[in-house]
Amino acid sequence: MEFAAGAIGGICGVAVGYPLDTVKVRIQTEPKYTGIWHCIRDTYRRERVWGFYRGLSLPVCTVSLVSSVSFGTYRHCLTHICRFRYGSADAKPAKTDITLSGFASGLVRVFLTSPTEVAKVRLQTQTQTQTQQRRPSASGPSAAPPTCPAPPVGRAPGPKYRGPLHCLASVAREEGLRGLYKGSSALFRDGHSFATYFLSYAILCEQLTPAGRSRPDVLGVLVAGGCAGVLAWAVATPMDVIKSRLQADGQGQRRYRGLLHCVVTSVREEGPRVLFKGLSLNCCRAFPVNMVVFVTYEAVLRLMRGLLS
C-alpha cells in the first residue's frame with residue numbers, strides 16, 4: 001500500500017513543482033541570472049511557457065517508481081526496525097528509528113534518480129549552454145579564439161538533445177555508464193535530506209494531532225508536509241548546487257574534475273554564497289509540493305486500508 005500511495009503522491013508533487021525546479025536548476029548552473037525573477041523573465045522571453053517544462057516527460061514517467069520506492073523503503077525499514085527493537089511492527093518508533101529509515105530511503109533513491117537527474121538537468125540547461133557556445137564571454141579562458149569556423153550567420157545550431165531518451169542514449173554513448181551517474185556523489189545529499197524530511201514530518205504530525213486522536217487532520221498534514229519539505233531542502237541545497245553543476249558539466253568543454261574540485265572552484269569564483277543559490281526558490285517550491293505529496297499519500301493510504309479492511 002505504501003508503495004502505491006507514494007507513487008501517486010510523487011506524481012502530484014511533480015505536477016505542482018516542475019516549473020520552479022527548472023528555474024532553480026538554471027539559477028544554480030548559470031551565473032548570469034541575478035535572481036529568481038530575472039531567470040523567470042528571461043526564460044519566458046526566450047522560450048515562453050514551454051521553457052519551464054523542458055525535460056518533464058522523463059520525471060513524470062519515473063517519479064512514480066522513485067517516490068514509490070522512497071516511501072515504501074522508509075515504511076518497510078521502519079517496520080523491521082520496530083519489530084527488531086520492540087518486538088512489534090506496530091510499536092511507536094523512536095526518533096532515531098525514523099531518522100535511520102529516512103536515511104536508508106534517501107540512499108536507495110540515489111541509485112534510481114541519478115540517470116534521470118542527469119537527463120533532466122541537461123535538457124533544462126541546454127538552451128543557455130548553446131547561447132554561451134555561440135557568444136563566448138569577453139573574459140576568462142572562454143575568450144580564446146574558436147578553433148573551428150563559426151556557423152553561418154542566421155543558422156543557430158539546434159539543440160543537442162531532442163528529448164529525455166535521446167539525452168540518456170547520447171550521454172551513455174559519449175560518456176559511458178559513469179556519465180549517467182555523474183554527480184551521484186553529491187546526490188548522497190538525499191540521505192541526510194530524507195532523514196530530515198521524514199523526522200520533521202513525524203514530529204510535526206505529533207505536535208499537530210488534536211487531543212484524543214491518533215493522526216492530525218487534513219490541515220495538519222498539509223502544514224507538516226510543507227514544513228518537512230522546506231527543512232529537507234534547507235539541508236540539501238548546498239550539495240544540490242554541486243550536483244546540478246556536475247550533471248550539467250557535459251555539454252561542451254568540461255570544467256570540473258569531480259565533487260571536491262567543483263566545490264572549490266565554485267566557492268573560489270563566486271564566493272560561499274554560491275552553495276546556497278536557489279535556497280529561497282527551493283523552499284518556496286518545497287512547501288506546496290510536499291503539502292500535495294503528503295496529503296495525497298495519506299489520503300490514498302487511508303482509502304486503500306478502508307478498501308482492504
# chains A, B, ... in the order shown; residues from 1 in each chain; ligands from 1
>>> residues_around(residues="region 72-87 of chain A", least_positions_apart="5", cutoff="8 Å", atoms="only C-alpha atoms", output="PyMOL selection string")
chain A and resi 2-3+6+92-93+97-98+101-102+104-105+108
>>> select_by_dssp(residues="region 162-246 of chain A", states="helix (DSSP H, G or I)", output="PyMOL selection string")
chain A and resi 164-180+186-208+218-246
>>> write_last_selection(atoms="C-alpha atoms", output="CSV table (one decimal), in the first residue's frame")
chain,number,residue,atom,x,y,z
A,164,PRO,CA,14.9,12.6,-22.5
A,165,LEU,CA,15.5,9.2,-24.1
A,166,HIS,CA,17.8,10.7,-26.8
A,167,CYS,CA,19.6,12.6,-24.0
A,168,LEU,CA,20.1,9.3,-22.0
A,169,ALA,CA,21.3,7.5,-25.1
A,170,SER,CA,23.7,10.3,-26.0
A,171,VAL,CA,25.2,10.5,-22.5
A,172,ALA,CA,25.7,6.8,-22.3
A,173,ARG,CA,27.3,6.7,-25.8
A,174,GLU,CA,29.6,9.7,-25.3
A,175,GLU,CA,30.4,9.4,-21.5
A,176,GLY,CA,29.7,5.8,-20.7
A,177,LEU,CA,27.8,4.5,-17.6
A,178,ARG,CA,29.7,6.9,-15.4
A,179,GLY,CA,28.1,9.8,-17.3
A,180,LEU,CA,24.7,8.6,-16.3
A,186,ALA,CA,26.6,14.9,-4.5
A,187,LEU,CA,23.3,13.1,-4.7
A,188,PHE,CA,24.1,11.4,-1.4
A,189,ARG,CA,22.6,14.7,-0.1
A,190,ASP,CA,19.4,12.6,-0.3
A,191,GLY,CA,20.5,10.5,2.8
A,192,HIS,CA,20.5,13.3,5.3
A,193,SER,CA,17.9,15.2,3.4
A,194,PHE,CA,15.3,12.4,3.6
A,195,ALA,CA,16.3,11.7,7.2
A,196,THR,CA,15.4,15.3,8.0
A,197,TYR,CA,12.3,15.0,5.8
A,198,PHE,CA,10.6,12.1,7.5
A,199,LEU,CA,11.8,13.0,11.0
A,200,SER,CA,10.4,16.6,10.8
A,201,TYR,CA,7.1,15.3,9.3
A,202,ALA,CA,6.7,12.8,12.1
A,203,ILE,CA,7.5,15.4,14.8
A,204,LEU,CA,5.1,18.0,13.3
A,205,CYS,CA,2.3,15.5,12.9
A,206,GLU,CA,2.7,14.5,16.5
A,207,GLN,CA,2.5,18.2,17.6
A,208,LEU,CA,-0.5,19.0,15.3
A,218,VAL,CA,-6.0,17.4,6.7
A,219,LEU,CA,-4.8,20.9,7.6
A,220,GLY,CA,-2.2,19.4,10.0
A,221,VAL,CA,-1.0,17.0,7.3
A,222,LEU,CA,-0.7,20.0,4.8
A,223,VAL,CA,1.3,22.1,7.3
A,224,ALA,CA,3.5,19.2,8.4
A,225,GLY,CA,4.2,18.1,4.8
A,226,GLY,CA,5.0,21.6,3.6
A,227,CYS,CA,7.3,22.4,6.6
A,228,ALA,CA,9.1,19.0,6.2
A,229,GLY,CA,9.8,19.7,2.6
A,230,VAL,CA,11.2,23.1,3.4
A,231,LEU,CA,13.5,21.8,6.1
A,232,ALA,CA,14.7,18.9,3.9
A,233,TRP,CA,15.6,21.3,1.1
A,234,ALA,CA,17.4,23.7,3.5
A,235,VAL,CA,19.7,20.8,4.4
A,236,ALA,CA,20.1,19.5,0.8
A,237,THR,CA,20.6,22.8,-1.1
A,238,PRO,CA,24.5,23.1,-0.9
A,239,MET,CA,25.0,19.6,-2.4
A,240,ASP,CA,22.1,20.2,-4.8
A,241,VAL,CA,24.0,23.1,-6.3
A,242,ILE,CA,27.1,20.9,-6.8
A,243,LYS,CA,25.0,18.1,-8.1
A,244,SER,CA,23.4,20.4,-10.7
A,245,ARG,CA,26.8,21.8,-11.8
A,246,LEU,CA,28.4,18.3,-12.2
>>> atom_distance(atom1="CA of Ile11 (chain A)", atom2="CA of Ser64 (chain A)")
5.9 Å
>>> residues_around(residues="region 284-289 of chain A", least_positions_apart="2", cutoff="7 Å", atoms="only C-alpha atoms", output="PyMOL selection string")
chain A and resi 13+16-17+20+226-227+229-230+280-282+291-293
>>> atom_distance(atom1="CA of Leu275 (chain A)", atom2="CA of Gly10 (chain A)")
26.5 Å
>>> residues_around(residues="region 29-36 of chain A", least_positions_apart="2", cutoff="12 Å", atoms="only C-alpha atoms", output="MDAnalysis selection string")
chainID A and resid 19:27 38:43 121:122 124:129 131:132 137 240:249 255 262 266 269:271 274:275 277:282 284:285
